[in-house]
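These notes are about the structure you will find just below.
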Amino acid sequence: MLIRCFDPDDSLLRELSTYKKTETYLKTKNDGTLPETTIRILRDAAEENRQRRLRLTTLLKRLIVEADYFVAGQPLTIKSQAPSDAIDKALEYLIDNTYTKMSYIKVRSESPQREIQAILRSNDIGQQTLKLTIDEGNPLAIGELRNYIDLCTKTSKQIVLHDLIEVRFFNRPYGWPDMEVALLLARLLVLGEISLVMDSGVIPLDKCYDALTTPAKWRKIVVTQRRTHKPEEVKKARLLGQDVFSQMGPEGEDALFTFLKGKLQGWQTALLGYKPLAETGDYPGLQEIKSGLTLTKKLLADEDSFKFIEHFNANKDDLKDLSDDFHDLEHFYEHQKPTWDALRKACGRFQPNRSELEHDPTAGPAWKRMGEILKAPAPFGMLHEVDGLIHTVEAVNTSLVSERRGEALAKIDNFLTIVGQELDVIDAESALRAACTGPLQKRRSQVGAEESLAHITQAKQDAQQAYDAAVTRIEEASKSSKLVLGGNEPGSTGGTTATAVKSRRVIEPAKLVAKHYLETPQDVADFLSTLKQNLEDALSKNERIEIR
């Protein structure tokens, strides 16, 4: 803006020069040490200069009112009696013609930062209200901002927040205050039309306040236009979410995005909790868990609602499969796991008796079914059978073990009775008694605690060997002791007598047969003859005979 004033007789310049020189002189001379005469002269000069200032003010006011005005390169006629009003009108004209779009900001906020915070914190209802009342604020400014962002997006031009606020809309033809622009951006953020990106990541809405109100960060932030889906695509994702999660999500795109993402995050957390157990190989569902984690990770990687809903709809079939798998896995690990543990424990307990159980008409089918359930990739629908199967096999197994244990205990008890009688015959010392009966007692305790049929049978065989060893030990002790046999031997003094234990001969008839089968009368006669010879030979040698 140019203001050209005319002073026909140059009195303005002379008066200004005189006023300035006088004022400077008075300031340098008035130091408080001058004589009274000089002080009086200076006081008169100051008063004269004050009057000169009043004349200059009056002259300047007249010249400003009568001056020629040139604004934005064009002459401007100002009709005003007051110089301040004339300058205001010239400046107003300059602003109106330089910042032609400054008037788009019709409503100024008294506290932009506080309003930005309130807008960013608005809930779904507040956002809907904002959509309805957006025209009551600065609709022209909002429209201008929208158009610019849309144009930059279409031309692939990056929009740096600093350039947008401090350059684009601060300079002409706008001249908008920086916080007013930030306030407009906050409205577009809440409406879901734009996003703020920093370090290649979208800034969450609850973090945008600091980004918008901190100018030092503006150079690092980029404004991007958000793509939004058509209503039918959002509805499609909403219905799919109901099928997958058995719960209908909200209608809005952003709210639906938050809902669906939260559900997937819940699934991901649960699957990560199931995975360590499944990886041990003792629990089912590892493949389903891995597939579920792969899918949830892929979908949750989308921070933008547009991409998320697009990918969510595209993975419809996989999501439905995962929904079925997840509900089975959740039910298993949250409710059926104790039943599975009971099945595994029962199978481990019955495994040593597997051979006998498989051949049992009652336990065999039940045992087979238990194995099928344990090996099934997805046994979830079979676990209701487990309690009945375990009960069936348990009953047969208990009966078999009880019967086998009873037989073994009876045999061992018989061995202990015989050994005890023979130890009494020779009046054995405690050390010999312990050496002979200890192994048999040990086998008896083992049989009483054993649940394996094979181990019970083995303990029974070990008891037979312990019995044989005990009898041999007793016979050797009897031979080495100085006993008076019957008290009738030559040289007997008639002292204390004890009965000697005869040597034992074990005869096993099956080992006396040369053929596998006896098929003729001659075969029978030969067998009986051989058996008789062995029996008579033992008796001739004064041996006791034990038939096995």
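Labels for the structure tokens follow display order: chains A, B, ..., residues from 1 in each chain, ligands from 1.
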So which residues touch Cys208 in chain A within 12 Å, counting only C-alpha atoms, skipping near sequence neighbours fewer than 5 positions away, as a list in words?
Gln113, Ile116, Gln117, Ala118, Ile119, Leu120, Arg121, Ala182, Leu183, Leu185, Ala186, Arg187, Leu188, Leu189, Val190, Ile194, Ser195, Leu196, Val197, Met198, Val202, Ile203, Thr213, Thr214, Lys217, Trp218, Ile221 and Val223 of chain A
Selection file, C-alpha atoms, as a PDB file, in the first residue's frame:
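Saved file again_20.pdb follows:
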```
ATOM      1  CA  GLN A 113      -6.183 -25.955  21.210  1.00  0.00           C
ATOM      2  CA  ILE A 116      -9.068 -29.437  18.927  1.00  0.00           C
ATOM      3  CA  GLN A 117      -8.810 -31.587  22.032  1.00  0.00           C
ATOM      4  CA  ALA A 118     -12.586 -31.721  22.445  1.00  0.00           C
ATOM      5  CA  ILE A 119     -13.111 -32.709  18.811  1.00  0.00           C
ATOM      6  CA  LEU A 120     -10.481 -35.452  18.874  1.00  0.00           C
ATOM      7  CA  ARG A 121     -12.018 -36.918  22.040  1.00  0.00           C
ATOM      8  CA  ALA A 182      -5.091 -27.276  12.661  1.00  0.00           C
ATOM      9  CA  LEU A 183      -8.673 -27.106  13.947  1.00  0.00           C
ATOM     10  CA  LEU A 185      -7.690 -30.732  10.109  1.00  0.00           C
ATOM     11  CA  ALA A 186      -8.931 -32.083  13.448  1.00  0.00           C
ATOM     12  CA  ARG A 187     -12.483 -32.018  12.100  1.00  0.00           C
ATOM     13  CA  LEU A 188     -11.452 -33.947   8.979  1.00  0.00           C
ATOM     14  CA  LEU A 189      -9.553 -36.447  11.141  1.00  0.00           C
ATOM     15  CA  VAL A 190     -12.583 -37.193  13.284  1.00  0.00           C
ATOM     16  CA  ILE A 194      -7.719 -37.888   6.406  1.00  0.00           C
ATOM     17  CA  SER A 195      -4.913 -39.500   8.397  1.00  0.00           C
ATOM     18  CA  LEU A 196      -1.676 -38.155   9.863  1.00  0.00           C
ATOM     19  CA  VAL A 197       1.409 -40.228   9.111  1.00  0.00           C
ATOM     20  CA  MET A 198       4.772 -40.008  10.857  1.00  0.00           C
ATOM     21  CA  VAL A 202      -0.478 -43.767  10.947  1.00  0.00           C
ATOM     22  CA  ILE A 203      -0.809 -41.683  14.102  1.00  0.00           C
ATOM     23  CA  THR A 213      -0.602 -28.511  18.295  1.00  0.00           C
ATOM     24  CA  THR A 214       3.192 -28.912  18.283  1.00  0.00           C
ATOM     25  CA  LYS A 217       6.728 -31.776  14.711  1.00  0.00           C
ATOM     26  CA  TRP A 218       4.923 -30.498  11.637  1.00  0.00           C
ATOM     27  CA  ILE A 221       4.122 -35.321   9.628  1.00  0.00           C
ATOM     28  CA  VAL A 223      -1.321 -35.629   5.676  1.00  0.00           C
TER      29      VAL A 223
END
```
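Near range 530-543 of chain A, within 6 Å and counting only C-alpha atoms, sit Lys502, Ser503 and Arg504 of chain A, not including residues fewer than 4 positions from it in the same chain.
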Which residues of range 160-267 of chain A sit at most 8 Å from range 144-151 of chain A, using only C-alpha atoms? Give each one's shortest atom pair and distance in Å (one decimal place), in chain and ascending residue order, as CSV.
```
residue,atom,partner,partner_atom,distance
A:Leu184,CA,A:Leu145,CA,8.0
A:Thr224,CA,A:Ile149,CA,7.6
A:Gln225,CA,A:Ile149,CA,6.7
```
Could you take the residues named above and write them with N, CA and C atoms, as a PDB file, in the first residue's frame?
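Final file, part_25.pdb:
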```
ATOM      1  N   LEU A 184      -9.325 -27.167  11.602  1.00  0.00           N
ATOM      2  CA  LEU A 184     -10.015 -27.740  10.443  1.00  0.00           C
ATOM      3  C   LEU A 184      -9.546 -29.171  10.182  1.00  0.00           C
ATOM      4  N   THR A 224      -2.480 -37.537   4.711  1.00  0.00           N
ATOM      5  CA  THR A 224      -2.922 -38.411   3.621  1.00  0.00           C
ATOM      6  C   THR A 224      -4.442 -38.473   3.600  1.00  0.00           C
ATOM      7  N   GLN A 225      -4.980 -38.571   2.420  1.00  0.00           N
ATOM      8  CA  GLN A 225      -6.430 -38.699   2.275  1.00  0.00           C
ATOM      9  C   GLN A 225      -6.828 -40.157   2.486  1.00  0.00           C
TER      10      GLN A 225
END
```
Choose the residue, out of A:Ala346, A:Lys460, A:Tyr19, A:Ala428, that has the smallest atom-to-atom separation from Asp413 in chain A; count only C-alpha atoms.
A:Lys460
Interatomic distance (Å, one decimal) between CA of Leu453 in chain A and CA of Ile412 in chain A
15.9 Å
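Around range 325-328 of chain A, within 8 Å and counting only C-alpha atoms, the residues found are Trp267, Glu288, Gly292, Asp321, Leu322, His331, Phe332 and Phe380 of chain A, once anything fewer than 3 positions away on its own chain is removed.
Across the structure, CA of Leu416 in chain A and CA of Leu400 in chain A are spaced 24.3 Å apart.
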In range 38-84 of chain A, DSSP strand (DSSP E or B) residues written as a VMD selection string
chain A and resid 68 to 71 74 to 76
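Using only C-alpha atoms for every distance, the candidate list A:Leu432, A:Asp523, A:Lys89, A:Glu15 yields A:Glu15 as the residue closest to Thr57 in chain A.
One finds CA of Pro284 in chain A at 8.1 Å from CA of Ala376 in chain A.
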Sel. of alpha helix (DSSP H) residues, range 352-444 of chain A, as a PDB file with C-alpha atoms, in the first residue's frame:
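Output below, filename out-v6.pdb:
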```
ATOM      1  CA  ARG A 354      -2.389-103.713  26.141  1.00  0.00           C
ATOM      2  CA  SER A 355      -1.994-107.254  24.807  1.00  0.00           C
ATOM      3  CA  GLU A 356      -4.470-108.798  27.235  1.00  0.00           C
ATOM      4  CA  LEU A 357      -6.903-105.870  26.897  1.00  0.00           C
ATOM      5  CA  GLU A 358      -6.933-106.029  23.095  1.00  0.00           C
ATOM      6  CA  ALA A 363     -12.223-104.032  26.734  1.00  0.00           C
ATOM      7  CA  GLY A 364     -10.793-104.618  23.226  1.00  0.00           C
ATOM      8  CA  PRO A 365     -13.179-102.333  21.275  1.00  0.00           C
ATOM      9  CA  ALA A 366     -13.079 -99.660  23.993  1.00  0.00           C
ATOM     10  CA  TRP A 367      -9.272 -99.697  24.068  1.00  0.00           C
ATOM     11  CA  LYS A 368      -9.143 -99.389  20.286  1.00  0.00           C
ATOM     12  CA  ARG A 369     -11.521 -96.410  20.357  1.00  0.00           C
ATOM     13  CA  MET A 370      -9.401 -94.662  22.993  1.00  0.00           C
ATOM     14  CA  GLY A 371      -6.413 -94.968  20.696  1.00  0.00           C
ATOM     15  CA  GLU A 372      -8.370 -93.574  17.765  1.00  0.00           C
ATOM     16  CA  ILE A 373      -9.413 -90.521  19.793  1.00  0.00           C
ATOM     17  CA  LEU A 374      -5.838 -89.853  20.915  1.00  0.00           C
ATOM     18  CA  LYS A 375      -4.534 -90.073  17.334  1.00  0.00           C
ATOM     19  CA  VAL A 386     -13.972 -90.766  26.971  1.00  0.00           C
ATOM     20  CA  ASP A 387     -15.502 -91.288  30.419  1.00  0.00           C
ATOM     21  CA  GLY A 388     -17.479 -94.340  29.295  1.00  0.00           C
ATOM     22  CA  LEU A 389     -14.504 -95.861  27.469  1.00  0.00           C
ATOM     23  CA  ILE A 390     -12.189 -95.400  30.448  1.00  0.00           C
ATOM     24  CA  HIS A 391     -14.784 -96.959  32.761  1.00  0.00           C
ATOM     25  CA  THR A 392     -15.139-100.014  30.482  1.00  0.00           C
ATOM     26  CA  VAL A 393     -11.408-100.648  30.136  1.00  0.00           C
ATOM     27  CA  GLU A 394     -10.777 -99.835  33.786  1.00  0.00           C
ATOM     28  CA  ALA A 395     -13.229-102.523  34.927  1.00  0.00           C
ATOM     29  CA  VAL A 396     -11.642-105.240  32.766  1.00  0.00           C
ATOM     30  CA  ASN A 397      -8.106-104.127  33.599  1.00  0.00           C
ATOM     31  CA  THR A 398      -8.852-104.157  37.337  1.00  0.00           C
ATOM     32  CA  SER A 399     -10.316-107.651  37.055  1.00  0.00           C
ATOM     33  CA  LEU A 400      -7.317-108.977  35.108  1.00  0.00           C
ATOM     34  CA  VAL A 401      -4.797-107.424  37.482  1.00  0.00           C
ATOM     35  CA  SER A 402      -6.682-108.644  40.541  1.00  0.00           C
ATOM     36  CA  GLU A 403      -6.871-112.183  39.218  1.00  0.00           C
ATOM     37  CA  ARG A 404      -3.217-112.290  38.166  1.00  0.00           C
ATOM     38  CA  ARG A 405      -2.088-110.712  41.414  1.00  0.00           C
ATOM     39  CA  GLY A 406      -4.117-113.188  43.475  1.00  0.00           C
ATOM     40  CA  GLU A 407      -2.527-116.132  41.680  1.00  0.00           C
ATOM     41  CA  ALA A 408       0.960-114.725  42.172  1.00  0.00           C
ATOM     42  CA  LEU A 409       0.422-113.930  45.838  1.00  0.00           C
ATOM     43  CA  ALA A 410      -0.976-117.395  46.501  1.00  0.00           C
ATOM     44  CA  LYS A 411       2.071-118.941  44.850  1.00  0.00           C
ATOM     45  CA  ILE A 412       4.523-116.775  46.788  1.00  0.00           C
ATOM     46  CA  ASP A 413       2.702-117.366  50.062  1.00  0.00           C
ATOM     47  CA  ASN A 414       2.980-121.117  49.441  1.00  0.00           C
ATOM     48  CA  PHE A 415       6.721-120.702  48.842  1.00  0.00           C
ATOM     49  CA  LEU A 416       7.060-118.770  52.100  1.00  0.00           C
ATOM     50  CA  THR A 417       5.164-121.486  53.999  1.00  0.00           C
ATOM     51  CA  ILE A 418       7.367-124.297  52.644  1.00  0.00           C
ATOM     52  CA  VAL A 419      10.590-122.352  53.238  1.00  0.00           C
ATOM     53  CA  GLY A 420       9.479-121.465  56.759  1.00  0.00           C
ATOM     54  CA  GLN A 421       8.716-125.105  57.587  1.00  0.00           C
ATOM     55  CA  GLU A 422      12.091-126.280  56.362  1.00  0.00           C
ATOM     56  CA  LEU A 423      13.871-123.516  58.262  1.00  0.00           C
ATOM     57  CA  ASP A 424      12.058-124.757  61.376  1.00  0.00           C
ATOM     58  CA  VAL A 425      13.180-128.306  60.670  1.00  0.00           C
ATOM     59  CA  SER A 430      17.861-115.559  62.050  1.00  0.00           C
ATOM     60  CA  ALA A 431      20.492-114.670  59.434  1.00  0.00           C
ATOM     61  CA  LEU A 432      19.690-117.744  57.400  1.00  0.00           C
ATOM     62  CA  ARG A 433      15.955-117.125  57.773  1.00  0.00           C
ATOM     63  CA  ALA A 434      16.324-113.573  56.512  1.00  0.00           C
ATOM     64  CA  ALA A 435      18.487-114.674  53.579  1.00  0.00           C
ATOM     65  CA  CYS A 436      15.913-117.291  52.555  1.00  0.00           C
ATOM     66  CA  THR A 437      12.651-115.405  53.104  1.00  0.00           C
ATOM     67  CA  GLY A 438      13.781-111.810  52.294  1.00  0.00           C
ATOM     68  CA  PRO A 439      13.782-112.179  48.464  1.00  0.00           C
ATOM     69  CA  LEU A 440      10.364-113.846  48.578  1.00  0.00           C
ATOM     70  CA  GLN A 441       8.945-111.077  50.773  1.00  0.00           C
ATOM     71  CA  LYS A 442      10.342-108.507  48.344  1.00  0.00           C
ATOM     72  CA  ARG A 443       8.656-110.195  45.393  1.00  0.00           C
ATOM     73  CA  ARG A 444       5.404-110.375  47.362  1.00  0.00           C
TER      74      ARG A 444
END
```
Under the rule that only C-alpha atoms are counted, which of A:Gly252, A:Pro352, A:Gly192, A:Pro509 is the nearest residue to Glu232 in chain A?
A:Gly252
